[in-house]
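upload05.txt, holding compact mmCIF, C-alpha atoms:
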# COMPACT_ATOMS: atom_id res chain seq x y z
CA MET A 1 43.20 -15.57 -5.22
CA GLY A 2 45.90 -12.96 -5.15
CA HIS A 3 45.48 -9.49 -6.37
CA VAL A 4 42.41 -8.83 -8.38
CA TYR A 5 42.40 -5.81 -10.54
CA TRP A 6 39.47 -4.13 -12.17
CA LEU A 7 40.34 -3.01 -15.61
CA THR A 8 39.26 0.38 -16.72
CA ARG A 9 36.39 0.05 -19.13
CA HIS A 10 37.11 1.83 -22.30
CA ILE A 11 35.02 2.88 -25.18
CA ALA A 12 35.38 0.27 -27.83
CA GLY A 13 35.96 0.99 -31.42
CA LEU A 14 38.88 3.35 -31.40
CA ALA A 15 40.72 3.13 -34.63
CA ALA A 16 43.91 1.21 -34.61
CA ILE A 17 47.01 3.17 -35.24
CA THR A 18 48.72 2.67 -38.50
CA LEU A 19 51.62 0.35 -38.24
CA ALA A 20 54.97 1.20 -39.69
CA LEU A 21 56.72 -2.01 -40.40
CA ALA A 22 60.36 -2.44 -41.09
CA GLY A 23 61.42 -3.36 -44.56
CA CYS A 24 62.32 -6.91 -43.80
CA THR A 25 58.87 -7.71 -42.53
CA GLN A 26 56.34 -9.86 -44.26
CA VAL A 27 52.74 -9.18 -43.33
CA ALA A 28 49.77 -11.09 -44.66
CA ASP A 29 46.02 -10.71 -44.28
CA ASP A 30 45.84 -7.04 -43.50
CA PRO A 31 42.63 -5.98 -45.26
CA GLU A 32 42.57 -2.55 -43.67
CA GLY A 33 45.98 -1.71 -44.99
CA LYS A 34 47.39 -0.90 -41.60
CA ALA A 35 50.65 -2.56 -42.29
CA THR A 36 53.03 -2.38 -45.17
CA ALA A 37 52.99 -5.79 -46.69
CA VAL A 38 56.17 -6.87 -48.33
CA ARG A 39 55.04 -10.24 -49.45
CA SER A 40 52.66 -12.89 -48.29
CA PRO A 41 53.80 -16.06 -46.66
CA SER A 42 54.08 -19.10 -48.80
CA PRO A 43 50.65 -20.38 -49.80
CA THR A 44 51.85 -23.89 -49.15
CA ALA A 45 51.68 -24.57 -45.45
CA SER A 46 54.56 -26.58 -44.17
CA ILE A 47 53.86 -29.56 -41.97
CA PRO A 48 56.33 -29.98 -39.13
CA ALA A 49 57.38 -33.38 -37.95
CA THR A 50 55.21 -32.96 -34.90
CA GLY A 51 52.36 -30.64 -34.01
CA ASP A 52 49.85 -28.78 -36.12
CA PRO A 53 50.33 -27.78 -39.75
CA GLU A 54 51.45 -24.18 -40.02
CA PRO A 55 48.49 -21.83 -40.24
CA THR A 56 48.37 -19.50 -43.22
CA VAL A 57 47.02 -16.72 -41.03
CA LEU A 58 47.76 -16.04 -37.38
CA ARG A 59 45.48 -13.50 -35.80
CA PRO A 60 46.12 -11.82 -32.46
CA GLU A 61 43.39 -12.10 -29.86
CA TRP A 62 42.56 -9.77 -27.03
CA ILE A 63 39.72 -9.07 -24.63
CA ASP A 64 37.56 -7.02 -26.91
CA ALA A 65 36.33 -4.70 -24.17
CA GLU A 66 39.86 -3.34 -23.92
CA THR A 67 40.76 -0.41 -26.12
CA LEU A 68 42.83 -1.61 -29.03
CA LEU A 69 45.88 0.51 -29.82
CA ILE A 70 47.56 -1.54 -32.55
CA GLU A 71 47.41 -4.99 -34.02
CA ALA A 72 49.44 -6.91 -36.57
CA PRO A 73 48.45 -10.39 -37.77
CA SER A 74 50.69 -12.90 -39.54
CA VAL A 75 54.06 -11.27 -39.21
CA ARG A 76 57.37 -12.89 -40.20
CA GLY A 77 60.81 -11.62 -39.41
CA SER A 78 61.13 -8.23 -37.75
CA ALA A 79 58.61 -5.44 -37.44
CA GLU A 80 58.41 -2.03 -35.81
CA MET A 81 55.07 -0.60 -34.74
CA GLY A 82 54.31 2.93 -33.69
CA PRO A 83 54.75 5.47 -32.39
CA PHE A 84 51.33 5.45 -30.77
CA ALA A 85 49.98 6.96 -27.56
CA SER A 86 48.73 5.23 -24.43
CA GLN A 87 46.41 7.27 -22.26
CA ALA A 88 46.75 4.85 -19.37
CA GLY A 89 50.52 4.85 -19.45
CA ARG A 90 50.41 1.07 -19.31
CA ILE A 91 49.79 -1.26 -22.21
CA ALA A 92 48.74 -4.89 -22.49
CA VAL A 93 50.75 -6.73 -25.12
CA TYR A 94 49.13 -9.88 -26.50
CA VAL A 95 51.54 -12.06 -28.46
CA LYS A 96 51.13 -15.35 -30.30
CA CYS A 97 53.89 -17.15 -32.17
CA TYR A 98 53.82 -20.30 -34.27
CA GLY A 99 57.09 -22.02 -35.08
CA GLU A 100 60.18 -23.57 -33.59
CA GLY A 101 62.11 -20.42 -32.79
CA SER A 102 61.44 -17.54 -30.45
CA LEU A 103 60.07 -14.03 -30.68
CA THR A 104 61.61 -11.07 -28.88
CA VAL A 105 59.33 -8.13 -28.22
CA GLU A 106 60.82 -4.81 -27.18
CA ILE A 107 58.77 -1.92 -25.89
CA VAL A 108 61.39 0.70 -26.63
CA ASP A 109 62.90 2.31 -23.50
CA SER A 110 60.49 0.35 -21.29
CA ALA A 111 60.78 -3.44 -21.39
CA LYS A 112 61.77 -6.45 -23.42
CA PHE A 113 60.74 -10.09 -23.29
CA THR A 114 61.27 -13.24 -25.32
CA GLN A 115 58.53 -15.73 -26.05
CA GLN A 116 59.07 -19.28 -27.21
CA CYS A 117 57.14 -20.06 -30.40
CA LEU A 118 55.20 -23.32 -30.43
CA ILE A 119 54.07 -25.77 -33.09
CA ASP A 120 50.56 -25.32 -31.81
CA LYS A 121 48.15 -23.10 -33.68
CA HIS A 122 45.83 -23.16 -30.66
CA ASP A 123 48.43 -21.81 -28.27
CA PRO A 124 46.79 -18.69 -26.78
CA GLY A 125 50.10 -16.90 -26.34
CA THR A 126 50.82 -14.40 -23.60
CA ARG A 127 49.57 -11.13 -22.17
CA ASN A 128 52.14 -8.85 -20.59
CA GLN A 129 51.09 -5.59 -19.01
CA ILE A 130 53.83 -2.99 -19.08
CA GLN A 131 54.19 0.54 -17.82
CA VAL A 132 55.70 2.56 -20.63
CA ALA A 133 58.35 5.21 -20.27
CA ASN A 134 56.98 7.46 -23.00
CA PRO A 135 53.19 7.15 -23.10
CA ASP A 136 52.85 9.68 -25.90
CA GLU A 137 55.22 7.84 -28.22
CA VAL A 138 55.22 4.12 -27.67
CA ILE A 139 57.26 2.09 -30.14
CA ILE A 140 57.29 -1.70 -30.25
CA ARG A 141 59.72 -3.92 -32.09
CA GLY A 142 59.29 -7.61 -32.72
CA THR A 143 62.10 -9.84 -33.89
CA ALA A 144 61.86 -13.47 -35.00
CA GLU A 145 63.18 -15.76 -37.69
CA SER A 146 61.30 -15.63 -40.97
CA SER A 147 60.35 -19.25 -40.43
CA ASP A 148 58.26 -18.24 -37.42
CA LEU A 149 54.82 -16.70 -37.79
CA TRP A 150 53.69 -14.29 -35.12
CA ALA A 151 50.92 -11.86 -34.28
CA ILE A 152 50.58 -9.04 -31.81
CA ALA A 153 47.85 -6.84 -30.39
CA VAL A 154 48.34 -3.98 -27.96
CA THR A 155 45.54 -2.60 -25.83
CA GLU A 156 45.31 0.03 -23.14
CA GLY A 157 46.34 -1.45 -19.81
CA GLU A 158 45.15 -0.73 -16.35
CA PRO A 159 46.40 2.71 -15.24
CA ALA A 160 49.30 2.53 -12.83
CA SER A 161 48.18 2.94 -9.22
CA MET B 1 17.58 -17.84 -8.72
CA ARG B 2 15.92 -21.04 -9.69
CA LYS B 3 12.42 -21.45 -10.95
CA THR B 4 10.68 -24.51 -12.30
CA TYR B 5 7.43 -24.52 -14.16
CA SER B 6 4.87 -27.21 -14.70
CA LEU B 7 5.62 -27.49 -18.37
CA LEU B 8 8.49 -29.76 -17.44
CA SER B 9 7.57 -33.40 -17.39
CA ALA B 10 9.47 -36.62 -16.96
CA GLY B 11 8.91 -37.60 -20.54
CA VAL B 12 10.50 -34.58 -22.08
CA ILE B 13 13.14 -35.55 -24.55
CA VAL B 14 16.14 -33.41 -23.89
CA ALA B 15 17.98 -32.31 -26.95
CA VAL B 16 20.62 -29.67 -26.69
CA LEU B 17 19.68 -26.86 -28.96
CA SER B 18 22.01 -25.28 -31.37
CA LEU B 19 22.65 -21.64 -30.66
CA SER B 20 22.28 -20.81 -34.28
CA GLY B 21 19.09 -18.87 -34.09
CA VAL B 22 16.75 -21.07 -32.11
CA VAL B 23 16.46 -18.58 -29.31
CA PRO B 24 18.34 -15.58 -30.55
CA ALA B 25 16.82 -12.79 -28.47
CA ALA B 26 15.65 -14.42 -25.32
CA ALA B 27 18.70 -14.31 -23.09
CA ASP B 28 18.03 -10.90 -21.66
CA ASP B 29 14.27 -11.21 -21.60
CA GLN B 30 13.90 -11.84 -17.90
CA ASP B 31 10.25 -10.79 -17.67
CA LYS B 32 9.09 -13.49 -20.02
CA VAL B 33 10.93 -16.08 -18.04
CA ASP B 34 9.08 -15.11 -14.90
CA GLU B 35 5.80 -15.42 -16.74
CA PRO B 36 6.40 -18.01 -19.44
CA ALA B 37 5.01 -17.01 -22.76
CA THR B 38 5.27 -18.44 -26.18
CA GLN B 39 8.27 -17.11 -28.03
CA SER B 40 8.36 -16.66 -31.72
CA ASN B 41 10.92 -19.00 -33.17
CA PRO B 42 12.32 -17.74 -36.47
CA VAL B 43 14.00 -21.02 -37.22
CA GLY B 44 10.65 -22.76 -37.35
CA THR B 45 11.55 -25.80 -35.31
CA CYS B 46 11.99 -26.00 -31.61
CA GLY B 47 13.54 -28.70 -29.53
CA ASN B 48 13.80 -29.14 -25.83
CA GLY B 49 16.98 -28.56 -23.93
CA TRP B 50 19.34 -26.32 -22.06
CA LEU B 51 21.29 -23.38 -23.40
CA TRP B 52 23.88 -21.18 -21.73
CA PHE B 53 24.04 -17.46 -22.32
CA PRO B 54 27.21 -15.62 -21.30
CA GLN B 55 26.02 -12.19 -20.26
CA GLU B 56 28.85 -10.09 -18.88
CA ARG B 57 32.54 -10.21 -18.12
CA VAL B 58 32.25 -9.06 -14.54
CA PHE B 59 35.92 -8.53 -13.92
CA ASP B 60 39.41 -9.28 -15.09
CA GLY B 61 41.75 -10.60 -12.48
CA LYS B 62 45.27 -11.80 -12.15
CA LEU B 63 46.27 -14.82 -10.13
CA MET B 64 49.73 -13.86 -9.04
CA ILE B 65 52.18 -16.75 -9.14
CA GLY B 66 55.14 -16.20 -6.87
CA PRO B 67 56.21 -13.05 -5.07
CA THR B 68 56.22 -9.47 -6.25
CA GLN B 69 59.71 -8.75 -7.46
CA PHE B 70 61.29 -5.33 -7.49
CA SER B 71 64.51 -3.56 -8.37
CA ALA B 72 65.54 -0.06 -7.33
CA ASN B 73 67.76 2.10 -9.48
CA GLY B 74 69.89 4.28 -7.27
CA THR B 75 71.92 5.68 -10.10
CA ASN B 76 71.36 8.79 -12.17
CA ALA B 77 70.96 6.88 -15.42
CA PRO B 78 68.39 4.37 -16.67
CA ALA B 79 69.20 0.79 -15.69
CA LYS B 80 68.03 -2.61 -16.85
CA ALA B 81 66.43 -5.03 -14.41
CA THR B 82 65.63 -8.60 -15.36
CA PHE B 83 62.90 -10.46 -13.55
CA THR B 84 62.38 -14.22 -13.85
CA SER B 85 59.47 -16.33 -12.70
CA THR B 86 60.57 -18.70 -9.96
CA VAL B 87 57.35 -20.45 -9.10
CA SER B 88 54.93 -22.37 -11.29
CA GLY B 89 51.20 -22.46 -10.84
CA THR B 90 48.08 -23.58 -12.63
CA PHE B 91 44.70 -21.93 -12.86
CA THR B 92 41.83 -24.27 -13.69
CA ALA B 93 38.52 -22.92 -14.91
CA MET B 94 35.66 -23.13 -12.45
CA LEU B 95 31.92 -23.26 -12.97
CA ASP B 96 29.70 -21.32 -10.63
CA GLY B 97 26.08 -22.41 -10.44
CA GLY B 98 24.33 -24.29 -13.22
CA THR B 99 26.11 -27.26 -14.74
CA GLU B 100 23.65 -28.37 -17.40
CA ILE B 101 26.04 -27.08 -20.04
CA GLY B 102 29.59 -28.33 -19.80
CA LEU B 103 32.80 -26.40 -19.39
CA ASP B 104 34.08 -26.84 -22.94
CA ALA B 105 30.92 -25.44 -24.48
CA LYS B 106 30.98 -22.48 -22.11
CA LEU B 107 34.63 -21.77 -22.84
CA ALA B 108 33.90 -21.74 -26.56
CA GLN B 109 30.93 -19.44 -26.18
CA ALA B 110 32.73 -17.06 -23.86
CA SER B 111 35.71 -16.91 -26.21
CA ALA B 112 33.48 -16.05 -29.15
CA LYS B 113 31.65 -13.37 -27.20
CA PHE B 114 34.50 -11.64 -25.39
CA GLY B 115 37.47 -11.96 -27.73
CA ALA B 116 40.34 -13.75 -26.06
CA SER B 117 40.31 -17.52 -26.02
CA PHE B 118 39.49 -18.75 -22.55
CA GLN B 119 41.18 -21.95 -21.42
CA ALA B 120 40.14 -24.91 -19.29
CA SER B 121 43.51 -24.77 -17.59
CA MET B 122 46.58 -22.57 -17.82
CA THR B 123 49.98 -22.93 -16.24
CA ALA B 124 52.45 -20.19 -15.40
CA ALA B 125 55.86 -21.77 -15.69
CA VAL B 126 59.22 -21.20 -14.07
CA GLY B 127 61.89 -19.43 -16.08
CA ASN B 128 59.95 -16.76 -17.96
CA SER B 129 61.85 -13.48 -17.95
CA ILE B 130 61.22 -9.86 -18.67
CA GLU B 131 63.71 -7.02 -18.79
CA VAL B 132 62.48 -3.68 -17.51
CA THR B 133 64.15 -0.31 -17.96
CA VAL B 134 64.19 1.46 -14.62
CA PRO B 135 64.43 5.28 -14.66
CA PRO B 136 66.98 6.96 -12.39
CA GLY B 137 65.89 6.97 -8.78
CA ALA B 138 62.88 4.76 -9.48
CA THR B 139 61.88 1.21 -8.62
CA ALA B 140 60.50 -1.37 -11.02
CA TYR B 141 57.95 -3.92 -9.81
CA ALA B 142 57.08 -7.13 -11.61
CA GLU B 143 54.50 -9.81 -10.91
CA TYR B 144 54.05 -12.99 -12.93
CA GLY B 145 50.67 -14.60 -13.06
CA ILE B 146 47.62 -15.81 -14.91
CA TRP B 147 45.04 -13.39 -16.27
CA ASN B 148 41.50 -14.56 -15.87
CA SER B 149 37.91 -13.38 -16.03
CA TYR B 150 34.71 -14.09 -14.20
CA ILE B 151 31.87 -14.38 -16.66
CA LYS B 152 28.33 -13.99 -15.49
CA GLY B 153 25.82 -16.12 -17.35
CA GLU B 154 22.60 -17.98 -17.24
CA GLU B 155 21.44 -21.43 -18.20
CA GLN B 156 17.95 -21.60 -19.63
CA HIS B 157 15.76 -24.63 -20.22
CA TRP B 158 13.75 -24.30 -23.40
CA VAL B 159 10.73 -26.42 -24.17
CA GLY B 160 8.64 -26.20 -27.24
CA LEU B 161 7.11 -27.77 -30.24
CA GLY B 162 7.12 -26.52 -33.79
CA PRO B 163 7.57 -22.77 -34.10
CA ALA B 164 6.87 -21.96 -30.43
CA CYS B 165 9.36 -22.09 -27.57
CA ASN B 166 9.12 -21.34 -23.87
CA VAL B 167 11.78 -20.84 -21.26
CA VAL B 168 10.60 -22.95 -18.37
CA GLU B 169 13.58 -22.74 -16.07
CA LYS B 170 16.64 -20.64 -15.67
CA ARG B 171 19.68 -20.85 -13.44
CA SER B 172 22.51 -18.50 -12.68
CA ALA B 173 25.59 -20.08 -14.25
CA GLY B 174 28.87 -18.22 -14.07
CA MET B 175 32.38 -19.25 -14.95
CA GLN B 176 35.85 -18.12 -13.95
CA ALA B 177 38.42 -19.01 -16.56
CA PRO B 178 42.02 -18.13 -17.40
CA PHE B 179 42.97 -16.62 -20.74
CA ARG B 180 46.68 -15.71 -20.65
CA ALA B 181 49.80 -15.94 -18.53
CA GLY B 182 52.24 -13.09 -18.36
CA TRP B 183 53.95 -10.27 -16.53
CA ASP B 184 52.50 -7.17 -14.93
CA THR B 185 55.10 -4.46 -14.50
CA SER B 186 55.01 -0.99 -13.03
CA ILE B 187 57.39 1.78 -12.08
CA GLY B 188 57.21 3.48 -8.71

Would you give me this structure, written as structure tokens?
Amino acid sequence: MGHVYWLTRHIAGLAAITLALAGCTQVADDPEGKATAVRSPSPTASIPATGDPEPTVLRPEWIDAETLLIEAPSVRGSAEMGPFASQAGRIAVYVKCYGEGSLTVEIVDSAKFTQQCLIDKHDPGTRNQIQVANPDEVIIRGTAESSDLWAIAVTEGEPAS
Amino acid sequence: MRKTYSLLSAGVIVAVLSLSGVVPAAADDQDKVDEPATQSNPVGTCGNGWLWFPQERVFDGKLMIGPTQFSANGTNAPAKATFTSTVSGTFTAMLDGGTEIGLDAKLAQASAKFGASFQASMTAAVGNSIEVTVPPGATAYAEYGIWNSYIKGEEQHWVGLGPACNVVEKRSAGMQAPFRAGWDTSIG
């Protein structure tokens, strides 16, 4: 195997930072009120020609021993999260997206990537570890079509060596 | 470590036990395994069979697919560097030790215990890109790969009748499984 990294063990249970979502965002299933819900997705799940029926809720998943910084389930359209601080200076961005379009995630001033959405509610998504330019004020923007359903979780990454 | 006790017999009917409460507190009770003793069974009915207990995520690793890419910014202003995966690779989950419980069941248990959904197989594909902002005078590094974990666990053979259960054998049973593909970037 190539490089093997040991992740810093963090104390679990740190409160997630409140998310500030842009006005055009729709967020569902946010019982802790961390996001500003505009409206819930349609209660009638659409069934694409192929693949799984659209889930009504899409939850992000992450290794739970990692320190959670933010999370946002079931997002449609565009959203902005943060600012929040990363003590490690690197963050792990877990993204899932259900649909036929794509999701672009920008870690402002640091990195940007685009992820293809899939008609597969079991798709685990991706984990990208990114060194951030401004660890004290990390801002993340996600952009997708409103027909795509996505979810994101950000945890502390491994400190840069 | 492998230990077998005389309570095992050829006529034992093996029935895989549900994890839902049959042996809820026994996984870490090593002393009682070494000296088998009757366990209280709150469910009230005991069967005979093997269970797997994931105990600890020993490490997280990254199987790097392709070379480390880098881009130096020799200017005095931030610059954008785009990195694209050029090699594909697949990481297939591996069992280490006991095999009484199959891979799919272990993946499901590990996913429930540790958060992220572990996969039987994961492929890092060609053509995935990430754009990194490189500060003036700095170098950005990017590696594409498959994140995975080694999970330490133990298979235990439970035998019992009615409300009493004994662990009669246990085996070290680890698993290394992938959970996500993605980039790892840093600035130097």

Can you list every residue of chain A that has an atom at most 12 Å from chain B, with its nearest atom pair and the distance in Å to one decimal, using only C-alpha atoms, ordered by chain then number, as a Markdown table?
| residue | atom | partner | partner_atom | distance |
| --- | --- | --- | --- | --- |
| A:Met1 | CA | B:Leu63 | CA | 5.8 |
| A:Gly2 | CA | B:Leu63 | CA | 5.3 |
| A:His3 | CA | B:Lys62 | CA | 6.2 |
| A:Val4 | CA | B:Gly61 | CA | 4.5 |
| A:Tyr5 | CA | B:Gly61 | CA | 5.2 |
| A:Trp6 | CA | B:Phe59 | CA | 5.9 |
| A:Leu7 | CA | B:Asp60 | CA | 6.4 |
| A:Thr8 | CA | B:Asp60 | CA | 9.8 |
| A:Arg9 | CA | B:Phe59 | CA | 10.0 |
| A:Arg59 | CA | B:Ala116 | CA | 11.0 |
| A:Pro60 | CA | B:Ala116 | CA | 8.8 |
| A:Glu61 | CA | B:Ala116 | CA | 5.1 |
| A:Trp62 | CA | B:Ala116 | CA | 4.7 |
| A:Ile63 | CA | B:Gly115 | CA | 4.8 |
| A:Asp64 | CA | B:Gly115 | CA | 5.0 |
| A:Ala65 | CA | B:Phe114 | CA | 7.3 |
| A:Glu66 | CA | B:Gly115 | CA | 9.7 |
| A:Leu68 | CA | B:Gly115 | CA | 11.7 |
| A:Ala88 | CA | B:Ser186 | CA | 11.9 |
| A:Gly89 | CA | B:Ser186 | CA | 9.8 |
| A:Arg90 | CA | B:Ser186 | CA | 8.1 |
| A:Ile91 | CA | B:Asp184 | CA | 9.8 |
| A:Ala92 | CA | B:Asp184 | CA | 8.7 |
| A:Val93 | CA | B:Gly182 | CA | 9.4 |
| A:Tyr94 | CA | B:Arg180 | CA | 8.6 |
| A:Val95 | CA | B:Arg180 | CA | 9.9 |
| A:Lys96 | CA | B:Arg180 | CA | 10.6 |
| A:Thr104 | CA | B:Ile130 | CA | 10.3 |
| A:Val105 | CA | B:Ile130 | CA | 9.9 |
| A:Glu106 | CA | B:Glu131 | CA | 9.1 |
| A:Ile107 | CA | B:Val132 | CA | 9.3 |
| A:Val108 | CA | B:Thr133 | CA | 9.2 |
| A:Asp109 | CA | B:Thr133 | CA | 6.3 |
| A:Ser110 | CA | B:Thr133 | CA | 5.0 |
| A:Ala111 | CA | B:Val132 | CA | 4.2 |
| A:Lys112 | CA | B:Glu131 | CA | 5.1 |
| A:Phe113 | CA | B:Ile130 | CA | 4.7 |
| A:Thr114 | CA | B:Ser129 | CA | 7.4 |
| A:Gln115 | CA | B:Asn128 | CA | 8.3 |
| A:Gln116 | CA | B:Asn128 | CA | 9.6 |
| A:His122 | CA | B:Ser117 | CA | 9.2 |
| A:Asp123 | CA | B:Ser117 | CA | 9.5 |
| A:Pro124 | CA | B:Ser117 | CA | 6.6 |
| A:Gly125 | CA | B:Arg180 | CA | 6.7 |
| A:Thr126 | CA | B:Arg180 | CA | 5.2 |
| A:Arg127 | CA | B:Gly182 | CA | 5.0 |
| A:Asn128 | CA | B:Trp183 | CA | 4.7 |
| A:Gln129 | CA | B:Asp184 | CA | 4.6 |
| A:Ile130 | CA | B:Thr185 | CA | 5.0 |
| A:Gln131 | CA | B:Ser186 | CA | 5.1 |
| A:Val132 | CA | B:Ser186 | CA | 8.4 |
| A:Ala133 | CA | B:Pro135 | CA | 8.3 |
| A:Asn134 | CA | B:Pro135 | CA | 11.4 |
| A:Ala153 | CA | B:Ala116 | CA | 11.1 |
| A:Gly157 | CA | B:Asp184 | CA | 9.7 |
| A:Glu158 | CA | B:Asp184 | CA | 9.9 |
| A:Pro159 | CA | B:Ser186 | CA | 9.6 |
| A:Ala160 | CA | B:Ser186 | CA | 6.7 |
| A:Ser161 | CA | B:Ser186 | CA | 8.8 |

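CA of Gln109 in chain B sits 13.8 Å away from CA of Leu95 in chain B.
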
Straight-line distance linking CA of Ala125 in chain B with CA of Thr139 in chain B, stated in Å to one decimal: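 Separation of CA of Ala125 in chain B and CA of Thr139 in chain B: 24.8 Å.
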
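CA of Pro136 in chain B sits 22.8 Å away from CA of Ala85 in chain A.
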
Exercise: Ser172 in chain B partners within 12 Å, only C-alpha atoms, chain neighbours under 6 positions left out, as a list of chain:residue names: B:Met1, B:Arg2, B:Lys3, B:Ala27, B:Leu51, B:Trp52, B:Phe53, B:Pro54, B:Gln55, B:Leu95, B:Asp96, B:Gly97, B:Gly98, B:Thr99, B:Glu100, B:Ile101, B:Ile151, B:Lys152, B:Gly153, B:Glu154, B:Glu155, B:Gln156, B:His157
